[in-house]
$ cat final_16.pdb   # PDB, C-alpha atoms
MODEL        1
ATOM      1  CA  MET G 179       0.000   0.000   0.000
ATOM      2  CA  PRO G 180       1.171   3.599  -0.524
ATOM      3  CA  LEU G 181       3.017   5.451   2.209
ATOM      4  CA  VAL G 182       0.913   7.417   4.687
ATOM      5  CA  THR G 183       1.702  10.496   6.755
ATOM      6  CA  GLY G 184       2.722  10.707  10.361
ATOM      7  CA  ASN G 185      -0.688  12.181  11.154
ATOM      8  CA  ASP G 186      -2.389   9.104   9.727
ATOM      9  CA  LEU G 187      -0.518   6.935  12.214
ATOM     10  CA  LEU G 188      -0.079   9.099  15.291
ATOM     11  CA  THR G 189      -3.496  10.717  15.663
ATOM     12  CA  PRO G 190      -5.312   7.387  16.150
ATOM     13  CA  ALA G 191      -2.440   6.189  18.356
ATOM     14  CA  ARG G 192      -2.895   9.056  20.790
ATOM     15  CA  GLU G 193      -6.680   8.754  20.690
ATOM     16  CA  ASN G 194      -6.578   5.028  21.436
ATOM     17  CA  GLY G 195      -3.735   4.843  23.937
ATOM     18  CA  TYR G 196      -0.955   3.089  22.050
ATOM     19  CA  ALA G 197       2.282   4.214  20.405
ATOM     20  CA  VAL G 198       3.806   3.671  16.975
ATOM     21  CA  GLY G 199       7.461   2.728  16.742
ATOM     22  CA  ALA G 200       9.759   4.878  14.614
ATOM     23  CA  PHE G 201      12.666   2.599  13.739
ATOM     24  CA  ASN G 202      15.801   4.088  12.236
ATOM     25  CA  THR G 203      17.291   2.523   9.126
ATOM     26  CA  SER G 204      20.279   3.009   6.867
ATOM     27  CA  ASN G 205      20.331  -0.175   4.762
ATOM     28  CA  VAL G 206      18.261  -2.976   3.244
ATOM     29  CA  GLU G 207      18.575  -5.445   6.119
ATOM     30  CA  ILE G 208      17.440  -3.032   8.817
ATOM     31  CA  THR G 209      14.469  -2.015   6.682
ATOM     32  CA  GLN G 210      13.556  -5.641   5.996
ATOM     33  CA  ALA G 211      13.664  -6.399   9.714
ATOM     34  CA  ILE G 212      11.265  -3.536  10.428
ATOM     35  CA  PHE G 213       8.806  -4.584   7.725
ATOM     36  CA  GLU G 214       8.896  -8.301   8.486
ATOM     37  CA  ALA G 215       8.072  -7.719  12.147
ATOM     38  CA  ALA G 216       5.382  -5.162  11.316
ATOM     39  CA  ALA G 217       3.751  -7.446   8.760
ATOM     40  CA  GLU G 218       3.685 -10.463  11.080
ATOM     41  CA  LEU G 219       2.152  -8.427  13.900
ATOM     42  CA  HIS G 220      -0.078  -6.266  11.666
ATOM     43  CA  SER G 221       1.386  -3.098  13.115
ATOM     44  CA  PRO G 222       1.771   0.377  11.637
ATOM     45  CA  VAL G 223       5.360   1.630  11.678
ATOM     46  CA  MET G 224       7.402   4.687  10.889
ATOM     47  CA  VAL G 225      10.659   4.062   9.067
ATOM     48  CA  ALA G 226      12.997   6.801  10.254
ATOM     49  CA  THR G 227      16.066   8.136   8.477
ATOM     50  CA  SER G 228      18.610  10.528   9.911
ATOM     51  CA  GLN G 229      20.384  13.051   7.732
ATOM     52  CA  SER G 230      23.588  11.017   8.004
ATOM     53  CA  ALA G 231      21.757   7.807   7.034
ATOM     54  CA  ILE G 232      20.475   9.525   3.898
ATOM     55  CA  LYS G 233      24.012  10.648   3.038
ATOM     56  CA  TYR G 234      25.238   7.093   3.597
ATOM     57  CA  ALA G 235      22.608   5.181   1.620
ATOM     58  CA  GLY G 236      21.286   7.788  -0.812
ATOM     59  CA  LEU G 237      17.934   9.540  -0.696
ATOM     60  CA  GLY G 238      16.503   7.781  -3.744
ATOM     61  CA  ASN G 239      17.762   4.386  -2.634
ATOM     62  CA  ILE G 240      16.124   4.603   0.790
ATOM     63  CA  ARG G 241      12.858   5.849  -0.662
ATOM     64  CA  ALA G 242      12.776   3.022  -3.231
ATOM     65  CA  ILE G 243      13.510   0.335  -0.622
ATOM     66  CA  VAL G 244      10.814   1.614   1.731
ATOM     67  CA  GLU G 245       8.211   2.117  -0.994
ATOM     68  CA  ASN G 246       8.802  -1.359  -2.455
ATOM     69  CA  LEU G 247       8.565  -3.099   0.901
ATOM     70  CA  ALA G 248       5.505  -1.055   1.890
ATOM     71  CA  SER G 249       3.718  -2.139  -1.283
ATOM     72  CA  GLU G 250       4.475  -5.795  -0.538
ATOM     73  CA  THR G 251       3.623  -6.006   3.155
ATOM     74  CA  GLY G 252       0.276  -4.201   3.313
ATOM     75  CA  VAL G 253       0.791  -2.400   6.636
ATOM     76  CA  SER G 254       0.523   1.360   7.175
ATOM     77  CA  VAL G 255       3.966   2.943   6.868
ATOM     78  CA  ALA G 256       5.254   6.499   7.058
ATOM     79  CA  LEU G 257       8.733   7.464   5.810
ATOM     80  CA  HIS G 258      10.119   9.912   8.346
ATOM     81  CA  LEU G 259      13.106  12.266   8.505
ATOM     82  CA  ASP G 260      14.540  12.086  12.011
ATOM     83  CA  HIS G 261      16.272  15.082  13.636
ATOM     84  CA  GLY G 262      16.276  17.348  10.624
ATOM     85  CA  THR G 263      18.532  20.311  11.314
ATOM     86  CA  ASP G 264      19.573  21.312   7.802
ATOM     87  CA  MET G 265      16.907  23.154   5.824
ATOM     88  CA  ASP G 266      18.233  21.906   2.481
ATOM     89  CA  ALA G 267      18.088  18.296   3.726
ATOM     90  CA  ILE G 268      14.542  18.813   5.006
ATOM     91  CA  LYS G 269      13.492  20.333   1.690
ATOM     92  CA  SER G 270      15.031  17.408  -0.191
ATOM     93  CA  CYS G 271      12.972  14.956   1.862
ATOM     94  CA  ILE G 272       9.783  16.977   1.443
ATOM     95  CA  GLU G 273      10.310  17.000  -2.322
ATOM     96  CA  GLY G 274      11.726  13.473  -2.447
ATOM     97  CA  GLY G 275       8.823  11.355  -1.222
ATOM     98  CA  TRP G 276       9.088  11.474   2.570
ATOM     99  CA  THR G 277       5.675  11.648   4.232
ATOM    100  CA  SER G 278       6.824  12.971   7.604
ATOM    101  CA  VAL G 279       9.704  15.242   8.603
ATOM    102  CA  MET G 280      11.149  16.374  11.902
ATOM    103  CA  ILE G 281      12.601  19.812  12.379
ATOM    104  CA  ASP G 282      14.882  19.739  15.398
ATOM    105  CA  GLY G 283      15.242  23.329  16.518
ATOM    106  CA  SER G 284      15.700  22.369  20.159
ATOM    107  CA  HIS G 285      19.229  23.803  20.191
ATOM    108  CA  HIS G 286      17.833  27.248  19.348
ATOM    109  CA  PRO G 287      16.323  29.759  21.790
ATOM    110  CA  PHE G 288      12.549  29.438  22.134
ATOM    111  CA  GLU G 289      11.591  32.150  19.623
ATOM    112  CA  ASP G 290      14.120  30.946  17.050
ATOM    113  CA  ASN G 291      12.832  27.385  17.438
ATOM    114  CA  ILE G 292       9.319  28.664  16.741
ATOM    115  CA  ASP G 293      10.537  30.540  13.665
ATOM    116  CA  VAL G 294      12.408  27.626  12.096
ATOM    117  CA  THR G 295       9.545  25.230  12.837
ATOM    118  CA  ARG G 296       7.051  27.564  11.187
ATOM    119  CA  ARG G 297       9.241  27.644   8.082
ATOM    120  CA  VAL G 298       9.230  23.860   7.818
ATOM    121  CA  VAL G 299       5.465  23.669   8.407
ATOM    122  CA  ALA G 300       4.990  26.198   5.580
ATOM    123  CA  MET G 301       7.059  23.987   3.258
ATOM    124  CA  ALA G 302       5.453  20.693   4.236
ATOM    125  CA  ARG G 303       1.776  21.510   4.691
ATOM    126  CA  PRO G 304       0.944  22.248   1.013
ATOM    127  CA  ARG G 305       2.203  18.750   0.168
ATOM    128  CA  GLY G 306       0.241  17.110   2.985
ATOM    129  CA  ILE G 307       3.410  16.089   4.837
ATOM    130  CA  SER G 308       3.303  15.998   8.632
ATOM    131  CA  VAL G 309       5.827  17.885  10.750
ATOM    132  CA  GLU G 310       7.334  16.851  14.082
ATOM    133  CA  ALA G 311       9.106  19.479  16.188
ATOM    134  CA  GLU G 312      11.097  19.273  19.404
ATOM    135  CA  LEU G 313      11.080  21.351  22.570
ATOM    136  CA  GLY G 314      13.615  20.600  25.288
ATOM    137  CA  ARG G 315      16.942  18.798  24.875
ATOM    138  CA  LEU G 316      17.972  15.202  25.519
ATOM    139  CA  VAL G 317      21.459  14.410  26.747
ATOM    140  CA  GLY G 318      23.495  11.935  24.680
ATOM    141  CA  ILE G 319      24.728  11.323  21.151
ATOM    142  CA  GLU G 320      22.795  10.136  18.093
ATOM    143  CA  ASP G 321      24.408  10.486  14.671
ATOM    144  CA  GLU G 322      24.982  14.229  14.205
ATOM    145  CA  ILE G 323      23.154  15.243  17.417
ATOM    146  CA  ALA G 324      25.336  15.632  20.523
ATOM    147  CA  VAL G 325      24.160  17.152  23.823
ATOM    148  CA  ARG G 326      26.295  17.212  26.976
ATOM    149  CA  GLU G 327      24.705  16.429  30.339
ATOM    150  CA  GLY G 328      24.742  20.042  31.490
ATOM    151  CA  GLU G 329      22.893  21.140  28.355
ATOM    152  CA  ALA G 330      19.877  18.853  28.803
ATOM    153  CA  ILE G 331      16.624  20.745  29.356
ATOM    154  CA  LEU G 332      13.253  19.211  30.247
ATOM    155  CA  THR G 333      10.235  20.452  28.336
ATOM    156  CA  GLU G 334       8.142  23.096  30.128
ATOM    157  CA  PRO G 335       4.379  22.387  29.862
ATOM    158  CA  ASP G 336       3.339  26.024  29.354
ATOM    159  CA  GLU G 337       5.996  26.546  26.697
ATOM    160  CA  ALA G 338       4.876  23.356  24.954
ATOM    161  CA  ALA G 339       1.310  24.637  24.660
ATOM    162  CA  GLU G 340       2.457  27.990  23.292
ATOM    163  CA  PHE G 341       4.916  26.337  20.916
ATOM    164  CA  VAL G 342       2.334  24.020  19.351
ATOM    165  CA  GLU G 343      -0.224  26.816  18.990
ATOM    166  CA  ARG G 344       2.220  29.223  17.352
ATOM    167  CA  THR G 345       3.978  26.759  15.038
ATOM    168  CA  GLY G 346       1.139  24.502  13.919
ATOM    169  CA  CYS G 347       3.379  21.435  14.213
ATOM    170  CA  ASP G 348       1.624  18.070  13.981
ATOM    171  CA  SER G 349       3.513  16.296  16.777
ATOM    172  CA  LEU G 350       5.917  17.341  19.497
ATOM    173  CA  ALA G 351       8.999  15.562  20.818
ATOM    174  CA  VAL G 352       9.375  16.223  24.531
ATOM    175  CA  ALA G 353      12.274  15.863  26.950
ATOM    176  CA  ILE G 354      11.236  14.061  30.152
ATOM    177  CA  GLY G 355      14.487  12.382  31.150
ATOM    178  CA  THR G 356      15.342   9.965  28.338
ATOM    179  CA  SER G 357      18.707  10.078  26.590
ATOM    180  CA  HIS G 358      20.192   9.243  23.194
ATOM    181  CA  GLY G 359      22.601   6.363  22.784
ATOM    182  CA  ALA G 360      23.412   3.205  24.760
ATOM    183  CA  TYR G 361      24.788   4.920  27.868
ATOM    184  CA  LYS G 362      21.669   6.679  29.078
ATOM    185  CA  PHE G 363      21.914   6.564  32.851
ATOM    186  CA  LYS G 364      24.534   6.325  35.600
ATOM    187  CA  THR G 365      21.937   5.549  38.293
ATOM    188  CA  ASP G 366      18.397   4.167  38.299
ATOM    189  CA  PRO G 367      16.488   5.754  35.395
ATOM    190  CA  ARG G 368      13.631   8.053  36.294
ATOM    191  CA  LEU G 369      11.316   9.628  33.756
ATOM    192  CA  ALA G 370       9.391  12.772  34.644
ATOM    193  CA  ILE G 371       5.936  11.228  34.190
ATOM    194  CA  ASP G 372       4.278  14.004  36.195
ATOM    195  CA  ARG G 373       5.730  16.566  33.790
ATOM    196  CA  LEU G 374       4.586  14.490  30.823
ATOM    197  CA  GLU G 375       1.092  14.374  32.275
ATOM    198  CA  GLU G 376       1.091  18.183  32.552
ATOM    199  CA  ILE G 377       2.270  18.565  28.965
ATOM    200  CA  ALA G 378      -0.392  16.159  27.707
ATOM    201  CA  SER G 379      -3.101  18.134  29.510
ATOM    202  CA  ARG G 380      -2.069  21.300  27.642
ATOM    203  CA  VAL G 381      -1.140  19.880  24.230
ATOM    204  CA  SER G 382      -3.558  17.981  22.025
ATOM    205  CA  VAL G 383      -1.132  16.852  19.301
ATOM    206  CA  PRO G 384       0.609  13.468  19.575
ATOM    207  CA  LEU G 385       3.721  13.503  21.745
ATOM    208  CA  VAL G 386       6.997  11.831  20.828
ATOM    209  CA  LEU G 387       9.576  10.092  22.993
ATOM    210  CA  HIS G 388      13.158  10.106  21.737
ATOM    211  CA  GLY G 389      16.040   8.265  23.365
ATOM    212  CA  ALA G 390      13.772   5.385  24.365
ATOM    213  CA  SER G 391      15.916   2.362  23.539
ATOM    214  CA  ALA G 392      15.981  -0.150  26.388
ATOM    215  CA  VAL G 393      19.419  -1.722  25.795
ATOM    216  CA  PRO G 394      17.850  -5.173  26.447
ATOM    217  CA  ALA G 395      19.918  -7.411  28.685
ATOM    218  CA  ASP G 396      19.823 -10.383  26.293
ATOM    219  CA  VAL G 397      20.882  -8.275  23.306
ATOM    220  CA  LEU G 398      23.659  -6.649  25.301
ATOM    221  CA  GLU G 399      24.858  -9.975  26.721
ATOM    222  CA  LEU G 400      25.073 -11.550  23.260
ATOM    223  CA  ALA G 401      27.130  -8.683  21.859
ATOM    224  CA  GLU G 402      29.502  -8.704  24.830
ATOM    225  CA  ARG G 403      29.843 -12.497  24.768
ATOM    226  CA  TYR G 404      31.316 -12.201  21.292
ATOM    227  CA  GLY G 405      33.685  -9.370  22.041
ATOM    228  CA  ALA G 406      31.758  -6.096  22.100
ATOM    229  CA  LYS G 407      32.954  -3.610  24.725
ATOM    230  CA  LEU G 408      29.759  -2.059  26.059
ATOM    231  CA  GLY G 409      30.305  -1.882  29.811
ATOM    232  CA  GLY G 410      27.977   0.631  31.442
ATOM    233  CA  ALA G 411      25.370   0.564  28.685
ATOM    234  CA  ARG G 412      21.964   1.143  30.201
ATOM    235  CA  GLY G 413      18.570   1.956  28.713
ATOM    236  CA  VAL G 414      14.977   2.897  29.524
ATOM    237  CA  PRO G 415      13.093   0.068  31.309
ATOM    238  CA  ALA G 416      10.027  -1.330  29.585
ATOM    239  CA  GLU G 417       7.833  -0.383  32.536
ATOM    240  CA  SER G 418       8.798   3.294  32.123
ATOM    241  CA  ILE G 419       7.744   3.180  28.470
ATOM    242  CA  SER G 420       4.459   1.519  29.393
ATOM    243  CA  GLU G 421       3.834   4.238  31.971
ATOM    244  CA  ALA G 422       4.492   7.037  29.469
ATOM    245  CA  ILE G 423       2.206   5.860  26.650
ATOM    246  CA  PRO G 424      -1.145   6.590  28.383
ATOM    247  CA  HIS G 425      -0.002  10.188  28.889
ATOM    248  CA  GLY G 426      -0.009  11.141  25.212
ATOM    249  CA  ILE G 427       3.136   9.450  23.878
ATOM    250  CA  ALA G 428       2.104   8.252  20.418
ATOM    251  CA  LYS G 429       5.503   7.818  18.729
ATOM    252  CA  ILE G 430       8.595   6.196  20.209
ATOM    253  CA  ASN G 431      11.973   6.318  18.488
ATOM    254  CA  ILE G 432      14.197   3.232  18.472
ATOM    255  CA  ASP G 433      17.702   3.160  17.003
ATOM    256  CA  THR G 434      20.303   2.024  19.548
ATOM    257  CA  ASP G 435      18.621  -1.313  20.265
ATOM    258  CA  LEU G 436      18.686  -2.168  16.548
ATOM    259  CA  ARG G 437      22.383  -1.301  16.335
ATOM    260  CA  LEU G 438      23.164  -3.491  19.329
ATOM    261  CA  ALA G 439      21.238  -6.442  17.871
ATOM    262  CA  PHE G 440      22.948  -5.957  14.510
ATOM    263  CA  THR G 441      26.392  -5.895  16.130
ATOM    264  CA  GLY G 442      25.797  -8.891  18.370
ATOM    265  CA  ARG G 443      24.522 -11.180  15.631
ATOM    266  CA  ILE G 444      27.322 -10.276  13.213
ATOM    267  CA  ARG G 445      29.941 -10.863  15.882
ATOM    268  CA  GLN G 446      28.361 -14.220  16.669
ATOM    269  CA  VAL G 447      28.431 -15.419  13.055
ATOM    270  CA  LEU G 448      31.983 -14.275  12.433
ATOM    271  CA  GLN G 449      33.274 -15.942  15.602
ATOM    272  CA  GLU G 450      31.273 -19.169  15.479
ATOM    273  CA  SER G 451      31.558 -19.656  11.712
ATOM    274  CA  PRO G 452      34.886 -18.196  10.582
ATOM    275  CA  GLU G 453      34.591 -20.058   7.295
ATOM    276  CA  VAL G 454      31.545 -17.993   6.278
ATOM    277  CA  PHE G 455      32.227 -15.208   3.814
ATOM    278  CA  ASP G 456      28.802 -14.902   2.155
ATOM    279  CA  PRO G 457      27.490 -11.442   3.115
ATOM    280  CA  ARG G 458      23.927 -12.725   2.955
ATOM    281  CA  LYS G 459      24.564 -15.247   5.719
ATOM    282  CA  ILE G 460      26.267 -12.632   7.883
ATOM    283  CA  LEU G 461      23.787  -9.829   7.316
ATOM    284  CA  GLY G 462      20.831 -12.221   7.311
ATOM    285  CA  ALA G 463      21.633 -13.201  10.889
ATOM    286  CA  ALA G 464      21.785  -9.508  11.831
ATOM    287  CA  ARG G 465      18.420  -8.948  10.170
ATOM    288  CA  ASP G 466      16.866 -11.762  12.204
ATOM    289  CA  GLY G 467      18.187 -10.267  15.443
ATOM    290  CA  MET G 468      16.827  -6.831  14.618
ATOM    291  CA  LYS G 469      13.465  -8.301  13.645
ATOM    292  CA  GLU G 470      13.164  -9.792  17.133
ATOM    293  CA  VAL G 471      13.858  -6.371  18.649
ATOM    294  CA  VAL G 472      11.255  -4.644  16.455
ATOM    295  CA  ALA G 473       8.639  -7.283  17.291
ATOM    296  CA  ALA G 474       9.261  -6.865  21.019
ATOM    297  CA  LYS G 475       8.858  -3.092  20.721
ATOM    298  CA  ILE G 476       5.622  -3.415  18.767
ATOM    299  CA  ARG G 477       4.168  -5.600  21.507
ATOM    300  CA  LEU G 478       5.369  -3.212  24.203
ATOM    301  CA  PHE G 479       3.936  -0.160  22.435
ATOM    302  CA  GLY G 480       0.538  -1.794  21.926
ATOM    303  CA  SER G 481       0.478  -1.244  18.156
ATOM    304  CA  ALA G 482       0.022  -4.890  17.122
ATOM    305  CA  ASN G 483      -3.130  -5.414  15.033
ATOM    306  CA  ARG G 484      -3.515  -1.645  14.523
ATOM    307  CA  ALA G 485      -2.314  -1.525  10.890
TER
ENDMDL
END

$ encode --input "final_16.pdb" --output "structure tokens"
Amino acid sequence: MPLVTGNDLLTPARENGYAVGAFNTSNVEITQAIFEAAAELHSPVMVATSQSAIKYAGLGNIRAIVENLASETGVSVALHLDHGTDMDAIKSCIEGGWTSVMIDGSHHPFEDNIDVTRRVVAMARPRGISVEAELGRLVGIEDEIAVREGEAILTEPDEAAEFVERTGCDSLAVAIGTSHGAYKFKTDPRLAIDRLEEIASRVSVPLVLHGASAVPADVLELAERYGAKLGGARGVPAESISEAIPHGIAKINIDTDLRLAFTGRIRQVLQESPEVFDPRKILGAARDGMKEVVAAKIRLFGSANRA
């Protein structure tokens, strides 16, 4: 089926109390893993691409892969630009077949963030493309986005309401204590659910949770068993995600967990089967590991049988 917009997926998610996973991709195998899990569980999904992933794989190549798989699987899929910071890159996605784009102006002062978000909304709306914006800053590193611990800022509920009203954005990424990357927390993780509840009471658009990878113990253990050095990696517990969804979280971004599963399975094949040199056998194992991660997230988010 043809690609749909972020609004098509996230509005019913917020109204019905579940969340849609936005899974980052940069190659064929990751994308296949996302679609295979979504098709088996009849779940809508967002396939997310960072600016660096587009540079790596090619804008037309990613679009073609996603469109072809979407036509074959029959689930509702949006092609999303994640953390857009470059206006030329955002414009290229708007004109190049993406159905959802994120403008990340969270590093700007409040008024400048409003201004840049308005500009993207003005570009996207005539084409029917949905726009995600971000208010507040998450600590951590993800591709080209790097925020030190002292620069993290939680989203203010009153500012969130004003921001959405003045920009016309379709969804809003909020900072409530999550973090990008595999090394999210030094102590027990605590999300600001009370703050999220306040934001949700003031903002009617779907809310987005970035930095939500869990760093699952089994995925981490497999990677480390075969040589990965990931000591101290720690993610967001599943129970924290489950607690956040009823308070307006309709989209949850997952990238790190896919990378960890990819790494662990490749390391396993190369160590256990050193005679293997067929890329399909190596990358196929990685695809299977990532598919398991995507399926687990779909079940956790409550989006199974919602396609």

$ atom_distance --input "final_16.pdb" --atom1 "atom CA of G:Ala256" --atom2 "atom CA of G:Ile476"
15.3 Å

$ residues_around --input "final_16.pdb" --residues "G:Leu350" --least-positions-apart "2" --cutoff "9 Å" --atoms "all atoms listed in the file" --output "PyMOL selection string"
chain G and resi 309-313+338+342+347-348+352+381+383-387

$ atom_distance --input "final_16.pdb" --atom1 "atom CA of G:Ala395" --atom2 "atom CA of G:Leu448"
21.4 Å

$ closest_residue --input "final_16.pdb" --among "G:Arg443, G:Arg484, G:Arg241, G:His388" --to "G:Asp466" --atoms "all atoms listed in the file"
G:Arg443

$ resolve_selection --input "final_16.pdb" --expression "the PyMOL selection byres ((chain G and resi 211) around 7)" --output "CSV table (one decimal) with C-alpha atoms, keeping the file's coordinate frame"
chain,number,residue,atom,x,y,z
G,207,GLU,CA,18.6,-5.4,6.1
G,208,ILE,CA,17.4,-3.0,8.8
G,209,THR,CA,14.5,-2.0,6.7
G,210,GLN,CA,13.6,-5.6,6.0
G,212,ILE,CA,11.3,-3.5,10.4
G,213,PHE,CA,8.8,-4.6,7.7
G,214,GLU,CA,8.9,-8.3,8.5
G,215,ALA,CA,8.1,-7.7,12.1
G,465,ARG,CA,18.4,-8.9,10.2
G,466,ASP,CA,16.9,-11.8,12.2
G,468,MET,CA,16.8,-6.8,14.6
G,469,LYS,CA,13.5,-8.3,13.6

$ residues_around --input "final_16.pdb" --residues "stretch 414-429 of chain G" --least-positions-apart "5" --cutoff "6 Å" --atoms "all atoms listed in the file" --output "list in words"
Leu188, Ala191, Arg192, Gly195, Ala197, Val198, Gly199, Glu375, Ala378, Pro384, Leu385, Val386, Ala390 and Ala392 of chain G

$ axis_aligned_box --input "final_16.pdb" --around "stretch 395-398 of chain G" --padding-each-side "3 Å" --output "JSON"
{"center_x": 21.7, "center_y": -8.5, "center_z": 26.0, "size_x": 9.8, "size_y": 9.7, "size_z": 11.4}
